[in-house]
file query-v1.csv (CSV, C-alpha atoms)
chain,number,residue,atom,x,y,z
U,1,MET,CA,7.8,10.5,134.3
U,2,ILE,CA,4.3,9.1,134.7
U,3,SER,CA,2.6,6.3,136.7
U,4,VAL,CA,-0.7,5.1,135.2
U,5,LEU,CA,-2.9,3.8,138.1
U,6,ILE,CA,-5.9,1.6,137.4
U,7,PRO,CA,-8.3,0.7,140.3
U,8,LEU,CA,-9.9,-2.6,139.2
U,9,TYR,CA,-13.1,-4.3,140.2
U,10,GLN,CA,-14.5,-7.3,138.3
U,11,VAL,CA,-13.8,-6.0,134.8
U,12,ASN,CA,-11.9,-7.4,131.9
U,13,PHE,CA,-9.2,-4.8,131.4
U,14,ILE,CA,-7.0,-6.4,128.7
U,15,ALA,CA,-8.0,-4.1,125.9
U,16,LEU,CA,-7.5,-1.0,128.0
U,17,ILE,CA,-4.0,-2.0,129.1
U,18,ASP,CA,-3.0,-2.9,125.5
U,19,SER,CA,-4.1,0.5,124.3
U,20,LEU,CA,-2.2,2.3,127.0
U,21,ILE,CA,1.0,0.2,126.4
U,22,ASN,CA,0.9,1.0,122.7
U,23,GLN,CA,0.9,4.7,123.4
U,24,LEU,CA,3.3,4.8,126.4
U,25,SER,CA,5.9,2.6,124.6
U,26,SER,CA,5.9,5.0,121.6
U,27,ILE,CA,6.9,7.9,123.9
U,28,SER,CA,10.5,8.1,125.0
U,29,LEU,CA,9.6,8.8,128.6
U,30,PRO,CA,9.8,6.5,131.7
U,31,TYR,CA,6.4,5.1,132.8
U,32,GLU,CA,4.8,2.3,134.8
U,33,ILE,CA,1.3,0.8,134.9
U,34,LEU,CA,-0.1,-0.2,138.3
U,35,ILE,CA,-3.3,-2.3,138.6
U,36,GLY,CA,-5.0,-2.5,142.0
U,37,ASP,CA,-7.6,-5.3,142.0
U,38,ASP,CA,-10.2,-4.8,144.7
U,39,SER,CA,-12.4,-7.7,143.5
U,40,PRO,CA,-13.3,-10.5,146.0
U,41,ASP,CA,-11.2,-12.9,143.9
U,42,PRO,CA,-8.1,-12.1,141.8
U,43,VAL,CA,-8.7,-11.9,138.0
U,44,ASN,CA,-8.5,-15.1,136.1
U,45,HIS,CA,-7.0,-13.5,133.0
U,46,THR,CA,-3.8,-14.9,131.5
U,47,PHE,CA,-1.8,-11.7,130.9
U,48,PRO,CA,-0.7,-11.4,127.2
U,49,GLU,CA,2.9,-12.3,126.4
U,50,ASN,CA,3.9,-8.8,125.4
U,51,TRP,CA,3.1,-7.6,128.9
U,52,LYS,CA,6.1,-9.4,130.4
U,53,SER,CA,8.5,-6.9,129.0
U,54,GLN,CA,6.4,-4.0,130.3
U,55,PRO,CA,6.7,-2.2,133.6
U,56,ILE,CA,3.3,-3.5,134.8
U,57,LYS,CA,2.6,-4.3,138.5
U,58,TYR,CA,-0.6,-6.1,139.5
U,59,PHE,CA,-1.9,-6.0,143.1
U,60,HIS,CA,-4.8,-8.0,144.5
U,61,ASN,CA,-6.2,-6.8,147.8
U,62,LYS,CA,-7.0,-9.9,149.9
U,63,ASN,CA,-9.7,-7.9,151.7
U,64,SER,CA,-11.7,-5.3,149.8
U,65,MET,CA,-10.4,-1.9,150.6
U,66,GLY,CA,-13.0,0.3,149.0
U,67,ARG,CA,-12.6,2.8,146.2
U,68,SER,CA,-10.7,5.5,148.1
U,69,ALA,CA,-8.2,3.2,149.9
U,70,ASN,CA,-7.5,1.3,146.7
U,71,ARG,CA,-6.6,4.5,144.8
U,72,ASN,CA,-4.5,5.6,147.7
U,73,LYS,CA,-2.6,2.3,147.8
U,74,LEU,CA,-1.9,2.6,144.1
U,75,ALA,CA,-0.5,6.1,144.6
U,76,ASP,CA,1.6,5.0,147.5
U,77,ASN,CA,3.3,2.3,145.3
U,78,ALA,CA,3.9,4.7,142.3
U,79,ILE,CA,7.4,5.8,141.7
U,80,PHE,CA,7.0,8.7,139.2
U,81,GLU,CA,6.1,12.3,139.8
U,82,ASN,CA,2.9,12.3,137.8
U,83,LEU,CA,-0.1,10.1,138.5
U,84,LEU,CA,-2.6,9.3,135.8
U,85,PHE,CA,-5.8,7.7,137.2
U,86,VAL,CA,-7.8,5.6,134.7
U,87,ASP,CA,-10.9,3.7,135.7
U,88,CYS,CA,-10.9,0.1,134.7
U,89,ASP,CA,-14.2,0.2,132.7
U,90,ALA,CA,-12.8,2.8,130.2
U,91,LEU,CA,-11.8,2.6,126.6
U,92,VAL,CA,-9.1,4.8,125.0
U,93,PRO,CA,-10.7,6.5,122.0
U,94,ASP,CA,-7.6,7.3,119.9
U,95,SER,CA,-3.8,7.1,119.7
U,96,GLU,CA,-3.1,10.6,121.1
U,97,TYR,CA,-4.7,10.2,124.6
U,98,ILE,CA,-1.4,9.9,126.6
U,99,LEU,CA,0.4,12.5,124.5
U,100,ARG,CA,-2.3,15.1,125.2
U,101,TYR,CA,-1.7,14.7,128.9
U,102,ILE,CA,2.1,14.7,128.6
U,103,ASN,CA,1.9,18.0,126.7
U,104,GLU,CA,-0.1,19.7,129.4
U,105,ILE,CA,1.8,18.5,132.5
U,106,ASP,CA,3.2,21.6,134.4
U,107,GLY,CA,3.9,20.2,137.9
U,108,LYS,CA,1.3,22.3,139.6
U,109,SER,CA,-2.1,21.6,138.0
U,110,VAL,CA,-4.6,18.8,138.1
U,111,LEU,CA,-5.6,17.8,134.6
U,112,CYS,CA,-9.1,16.4,133.9
U,113,GLY,CA,-9.7,14.7,130.6
U,114,GLY,CA,-13.4,14.2,130.8
U,115,THR,CA,-15.8,11.4,129.9
U,116,SER,CA,-17.5,10.2,126.8
U,117,TYR,CA,-19.8,7.3,125.7
U,118,GLN,CA,-20.4,5.3,122.6
U,119,LEU,CA,-22.5,7.2,120.1
U,120,ASN,CA,-25.0,4.5,119.4
U,121,LYS,CA,-27.8,3.7,121.9
U,122,PRO,CA,-27.2,0.3,123.5
U,123,LYS,CA,-29.1,-2.6,122.0
U,124,ARG,CA,-29.9,-4.0,125.4
U,125,LYS,CA,-32.9,-2.0,126.8
U,126,GLU,CA,-31.7,-2.4,130.4
U,127,GLN,CA,-28.5,-0.4,129.7
U,128,ILE,CA,-30.3,2.6,128.1
U,129,LEU,CA,-30.9,4.5,131.3
U,130,ARG,CA,-27.2,4.5,132.2
U,131,TRP,CA,-26.2,5.5,128.6
U,132,THR,CA,-28.8,8.3,128.6
U,133,TYR,CA,-27.7,9.6,132.0
U,134,GLY,CA,-24.1,9.5,130.8
U,135,TRP,CA,-24.7,11.6,127.7
U,136,GLU,CA,-27.0,14.0,129.5
U,137,ARG,CA,-25.2,14.5,132.8
U,138,GLU,CA,-21.6,13.4,132.4
U,139,VAL,CA,-20.4,14.3,128.9
U,140,HIS,CA,-19.3,18.0,128.8
U,141,SER,CA,-16.7,19.8,126.8
U,142,SER,CA,-13.6,21.2,128.4
U,143,VAL,CA,-15.1,24.7,128.0
U,144,GLU,CA,-18.2,23.7,129.8
U,145,ARG,CA,-16.3,22.0,132.6
U,146,SER,CA,-13.9,24.9,133.0
U,147,LYS,CA,-16.8,27.2,134.0
U,148,ASN,CA,-17.2,25.2,137.2
U,149,PRO,CA,-13.9,23.4,137.4
U,150,TYR,CA,-14.0,21.9,140.9
U,151,ASN,CA,-17.6,20.6,140.8
U,152,CYS,CA,-16.8,19.0,137.4
U,153,PHE,CA,-13.8,17.1,138.8
U,154,SER,CA,-14.1,13.3,138.2
U,155,SER,CA,-11.8,10.5,139.3
U,156,PHE,CA,-12.7,8.6,136.1
U,157,ASN,CA,-9.9,10.1,134.1
U,158,PHE,CA,-7.4,12.6,135.6
U,159,CYS,CA,-3.7,13.3,136.0
U,160,ILE,CA,-2.2,14.9,139.2
U,161,PRO,CA,1.3,15.6,140.4
U,162,SER,CA,2.3,13.0,143.0
U,163,ARG,CA,3.3,15.7,145.6
U,164,ILE,CA,-0.1,17.3,145.4
U,165,PHE,CA,-1.9,14.0,145.7
U,166,LYS,CA,0.0,13.1,148.8
U,167,GLU,CA,-1.2,16.3,150.5
U,168,ILE,CA,-4.9,15.5,149.8
U,169,ARG,CA,-5.5,11.8,149.1
U,170,PHE,CA,-8.9,10.2,148.8
U,171,ASP,CA,-10.8,10.2,152.1
U,172,GLU,CA,-10.8,6.6,153.3
U,173,ARG,CA,-13.6,7.4,155.8
U,174,ILE,CA,-16.0,7.4,152.8
U,175,LYS,CA,-16.9,3.8,152.8
U,176,ASP,CA,-20.2,4.0,151.0
U,177,TYR,CA,-20.5,4.1,147.2
U,178,GLY,CA,-20.0,7.5,145.7
U,179,HIS,CA,-18.8,11.0,146.6
U,180,GLU,CA,-15.1,10.2,147.2
U,181,ASP,CA,-14.3,12.0,144.0
U,182,THR,CA,-16.6,15.0,144.6
U,183,TYR,CA,-15.1,15.4,148.0
U,184,PHE,CA,-11.6,15.2,146.5
U,185,GLY,CA,-12.6,18.0,144.1
U,186,PHE,CA,-13.9,20.0,147.0
U,187,GLU,CA,-10.5,19.6,148.8
U,188,LEU,CA,-8.7,20.8,145.7
U,189,LYS,CA,-10.8,23.9,145.7
U,190,GLU,CA,-10.2,24.5,149.4
U,191,ARG,CA,-6.4,24.3,148.9
U,192,GLY,CA,-6.4,26.4,145.8
U,193,VAL,CA,-5.0,23.7,143.5
U,194,PRO,CA,-5.6,24.7,139.9
U,195,ILE,CA,-7.6,22.4,137.7
U,196,LYS,CA,-7.2,22.4,133.9
U,197,HIS,CA,-10.0,20.7,132.0
U,198,LEU,CA,-8.8,19.1,128.7
U,199,GLU,CA,-10.6,17.8,125.7
U,200,ASN,CA,-9.2,14.3,126.3
U,201,PRO,CA,-12.1,12.0,127.3
U,202,LEU,CA,-12.1,8.3,127.9
U,203,ILE,CA,-15.1,6.3,126.8
U,204,HIS,CA,-17.0,4.9,129.7
U,205,ASN,CA,-17.7,1.4,128.7
U,206,GLY,CA,-19.2,0.0,131.9
U,207,LEU,CA,-22.9,0.3,131.3
U,208,GLU,CA,-24.8,-1.2,134.2
U,209,SER,CA,-28.3,-2.4,133.9
U,210,ALA,CA,-31.1,0.0,135.1
U,211,ASP,CA,-31.5,-2.2,138.3
U,212,VAL,CA,-27.8,-2.0,139.1
U,213,PHE,CA,-27.6,1.7,138.4
U,214,LEU,CA,-30.7,2.5,140.5
U,215,ASN,CA,-29.2,0.4,143.4
U,216,LYS,CA,-25.9,2.3,143.1
U,217,THR,CA,-27.8,5.6,143.0
U,218,GLU,CA,-29.6,4.8,146.2
U,219,ARG,CA,-26.2,3.8,147.8
U,220,SER,CA,-24.7,7.1,146.7
U,221,ILE,CA,-27.6,9.0,148.3
U,222,GLU,CA,-27.2,7.1,151.5
U,223,GLY,CA,-23.5,8.0,151.3
U,224,LEU,CA,-24.4,11.7,150.9
U,225,LEU,CA,-26.6,11.6,154.0
U,226,SER,CA,-23.8,9.8,155.9
U,227,LEU,CA,-21.4,12.6,154.9
U,228,ALA,CA,-23.9,15.3,155.9
U,229,ARG,CA,-24.2,13.8,159.4
U,230,ARG,CA,-20.4,13.7,159.9
U,231,ASP,CA,-19.3,16.2,162.5
U,232,ALA,CA,-16.3,17.6,160.6
U,233,ILE,CA,-17.9,17.9,157.1
U,234,PRO,CA,-17.3,21.4,155.7
U,235,ALA,CA,-20.5,23.3,155.0
U,236,GLY,CA,-19.2,24.3,151.6
U,237,PHE,CA,-19.2,20.7,150.4
U,238,LEU,CA,-23.0,20.4,150.9
U,239,ASP,CA,-23.5,23.8,149.3
U,240,SER,CA,-22.0,22.5,146.1
U,241,ASN,CA,-24.2,19.4,145.9
U,242,SER,CA,-27.3,20.0,143.8
U,243,LEU,CA,-29.4,17.1,145.2
U,244,TRP,CA,-28.8,18.3,148.8
U,245,GLN,CA,-29.7,21.8,148.0
U,246,LEU,CA,-32.9,20.7,146.3
U,247,SER,CA,-33.7,18.7,149.4
U,248,GLU,CA,-33.1,21.8,151.6
U,249,ARG,CA,-35.5,23.8,149.5
U,250,ALA,CA,-38.0,21.1,149.7
U,251,LYS,CA,-37.9,21.2,153.5
U,252,LYS,CA,-38.4,25.0,153.6
U,253,SER,CA,-41.4,24.8,151.3
U,254,GLY,CA,-43.0,21.8,153.0
U,255,PHE,CA,-42.6,19.7,149.9
U,256,THR,CA,-40.6,17.0,151.8
U,257,LYS,CA,-43.8,15.5,153.3
U,258,ILE,CA,-45.3,15.1,149.9
U,259,LEU,CA,-42.1,13.5,148.6
U,260,ARG,CA,-42.1,10.9,151.4
U,261,PHE,CA,-45.8,10.2,150.7
U,262,ILE,CA,-45.4,9.7,146.9
U,263,HIS,CA,-42.1,7.8,147.2
U,264,PRO,CA,-43.7,4.3,147.1
U,265,LEU,CA,-45.6,5.3,144.0
U,266,LEU,CA,-42.5,6.7,142.4
U,267,LYS,CA,-40.6,3.5,143.2
U,268,SER,CA,-43.2,1.5,141.3
U,269,LEU,CA,-43.2,3.9,138.3
U,270,VAL,CA,-39.4,3.9,138.3
U,271,SER,CA,-39.1,0.2,138.2
U,272,VAL,CA,-41.1,0.2,134.9
U,273,LEU,CA,-40.5,3.6,133.1
U,274,LEU,CA,-36.7,3.9,133.7
U,275,LYS,CA,-36.2,0.5,132.1
U,276,SER,CA,-37.9,1.6,128.9
U,277,ARG,CA,-36.2,2.6,125.6
U,278,ASN,CA,-36.8,6.2,126.5
U,279,PRO,CA,-36.2,6.7,130.2
U,280,SER,CA,-37.1,10.1,131.8
U,281,LEU,CA,-34.3,11.8,133.6
U,282,PHE,CA,-36.8,14.1,135.2
U,283,LEU,CA,-38.5,11.1,136.8
U,284,PHE,CA,-35.1,9.8,137.8
U,285,ASP,CA,-34.3,13.1,139.5
U,286,LEU,CA,-37.6,13.2,141.3
U,287,TYR,CA,-37.1,9.7,142.5
U,288,LYS,CA,-33.6,10.6,143.9
U,289,LEU,CA,-35.1,13.5,145.7
U,290,SER,CA,-37.9,11.4,147.2
U,291,TYR,CA,-35.5,8.7,148.3
U,292,LEU,CA,-33.3,11.3,150.1
U,293,SER,CA,-36.4,12.7,151.8
U,294,LYS,CA,-37.5,9.2,152.8
U,295,ILE,CA,-34.2,8.2,154.4
U,296,GLN,CA,-33.7,11.5,156.2
U,297,GLY,CA,-36.7,10.6,158.3

call {"tool": "encode", "arguments": {"input": "query-v1.csv", "output": "structure tokens"}}
result
Amino acid sequence: MISVLIPLYQVNFIALIDSLINQLSSISLPYEILIGDDSPDPVNHTFPENWKSQPIKYFHNKNSMGRSANRNKLADNAIFENLLFVDCDALVPDSEYILRYINEIDGKSVLCGGTSYQLNKPKRKEQILRWTYGWEREVHSSVERSKNPYNCFSSFNFCIPSRIFKEIRFDERIKDYGHEDTYFGFELKERGVPIKHLENPLIHNGLESADVFLNKTERSIEGLLSLARRDAIPAGFLDSNSLWQLSERAKKSGFTKILRFIHPLLKSLVSVLLKSRNPSLFLFDLYKLSYLSKIQG
């Protein structure tokens, strides 16, 4: 009935798997859990005793495949007709998570459950930027996401019929960090595959430090530029990217030169202000725009 696919990268996933097992084993439907470890070294965890009786398969990629290829490999090894992708740094918030997906499966729609975060602000100051960004930019109700269903697609927590996934798959040409899920959402839209947004979020528990998050953001922007320079990239994909559209408007208004000029100053400000207990997302957005302007040359 359902294959739960977990792309893994250097995260302790024991609590996540235990939660999923508890829910899946209480439902009288066939299932399996596949874990694709793309870490440089295999996990050192000793798997709990109760896992031995469960349909769990663990793969370690000897050479890192990247986010897209790792997800595709998991799907290739799945045996059931529905694929539930769950990111490894997630927590299951309650005992009805799996059941809510099962009740909505119709064989033709992609189901997106959404993302949530812990309610309390992190005690560690360096994690507050990622937590703030998550609540402000990633946490949306199913009603809000349904207004723009394809742009709100996220690979963090979604269920898809296997036959539909095999027609699209994640684009393995996207080697840089980020955009493999937004491009997948764009492909769903181009093919007219319906998306149903559910009120079924997972808690994103992987709060990086501000330094790591900023580094990942820069890599994501570099990946966006790489995609934009690809010959076969559909124009509609860039039209749906808000940062790219802001950059295009900045070019037309002549603001790009100013952004390039102030980028070093912004970089200095960002290194201090975005690590405070009250980081400014406006400053963060301005920095992203200036970084894209800078690397565009």

call {"tool": "atom_distance", "arguments": {"input": "query-v1.csv", "atom1": "atom CA of U:Ser247", "atom2": "atom CA of U:Leu292"}}
result
7.4 Å

call {"tool": "closest_residue", "arguments": {"input": "query-v1.csv", "among": "U:Lys267, U:Lys147, U:Arg277, U:Arg169", "to": "U:Asn215", "atoms": "only C-alpha atoms"}}
result
U:Lys267

call {"tool": "residues_around", "arguments": {"input": "query-v1.csv", "residues": "stretch 151-153 of chain U", "least_positions_apart": "5", "cutoff": "7 Å", "atoms": "all atoms listed in the file", "output": "list in words"}}
result
Cys112, Arg145, Thr182 and Gly185 of chain U

call {"tool": "closest_atom_pairs", "arguments": {"input": "query-v1.csv", "of": "stretch 165-245 of chain U", "to": "stretch 91-102 of chain U", "cutoff": "7 Å", "atoms": "all atoms listed in the file", "output": "Markdown table"}}
result
| residue | atom | partner | partner_atom | distance |
| --- | --- | --- | --- | --- |
| U:Asn200 | CA | U:Tyr97 | CA | 6.3 |
| U:Leu202 | CA | U:Val92 | CA | 5.4 |
| U:Ile203 | CA | U:Leu91 | CA | 5.0 |
| U:His204 | CA | U:Leu91 | CA | 6.5 |
| U:Asn205 | CA | U:Leu91 | CA | 6.4 |

call {"tool": "residues_around", "arguments": {"input": "query-v1.csv", "residues": "U:Val110", "least_positions_apart": "3", "cutoff": "9 Å", "atoms": "only C-alpha atoms", "output": "ChimeraX atom specification"}}
result
/U:105,107,158-161,164,188,193-197

call {"tool": "residues_around", "arguments": {"input": "query-v1.csv", "residues": "stretch 1-16 of chain U", "least_positions_apart": "4", "cutoff": "8 Å", "atoms": "all atoms listed in the file", "output": "VMD selection string"}}
result
chain U and resid 20 29 to 39 43 45 47 67 70 to 71 74 to 75 78 to 92

call {"tool": "atom_distance", "arguments": {"input": "query-v1.csv", "atom1": "atom CA of U:Ser68", "atom2": "atom CA of U:Glu187"}}
result
14.1 Å

call {"tool": "closest_residue", "arguments": {"input": "query-v1.csv", "among": "U:Gly114, U:Gly134, U:Pro122, U:Gly297", "to": "U:Leu225", "atoms": "only C-alpha atoms"}}
result
U:Gly297

call {"tool": "residues_around", "arguments": {"input": "query-v1.csv", "residues": "U:Glu180", "least_positions_apart": "6", "cutoff": "9 Å", "atoms": "all atoms listed in the file", "output": "CSV table (one decimal) with C-alpha atoms, in the coordinates of the input"}}
result
chain,number,residue,atom,x,y,z
U,67,ARG,CA,-12.6,2.8,146.2
U,68,SER,CA,-10.7,5.5,148.1
U,155,SER,CA,-11.8,10.5,139.3
U,170,PHE,CA,-8.9,10.2,148.8
U,171,ASP,CA,-10.8,10.2,152.1
U,172,GLU,CA,-10.8,6.6,153.3
U,174,ILE,CA,-16.0,7.4,152.8

call {"tool": "residues_around", "arguments": {"input": "query-v1.csv", "residues": "stretch 123-125 of chain U", "least_positions_apart": "5", "cutoff": "9 Å", "atoms": "only C-alpha atoms", "output": "JSON, numbers by chain"}}
result
{"U": [209, 210, 275, 276, 277]}

call {"tool": "write_last_selection", "arguments": {"input": "query-v1.csv", "atoms": "C-alpha atoms", "output": "compact mmCIF listing (two decimals), keeping the file's coordinate frame"}}
result
# COMPACT_ATOMS: atom_id res chain seq x y z
CA SER U 209 -28.30 -2.40 133.90
CA ALA U 210 -31.10 0.00 135.10
CA LYS U 275 -36.20 0.50 132.10
CA SER U 276 -37.90 1.60 128.90
CA ARG U 277 -36.20 2.60 125.60

call {"tool": "closest_residue", "arguments": {"input": "query-v1.csv", "among": "U:Ser293, U:Asn63, U:Trp135, U:Ile258", "to": "U:Glu222", "atoms": "all atoms listed in the file"}}
result
U:Ser293

call {"tool": "closest_residue", "arguments": {"input": "query-v1.csv", "among": "U:Leu207, U:Leu198, U:Leu283, U:Val212", "to": "U:Leu269", "atoms": "all atoms listed in the file"}}
result
U:Leu283
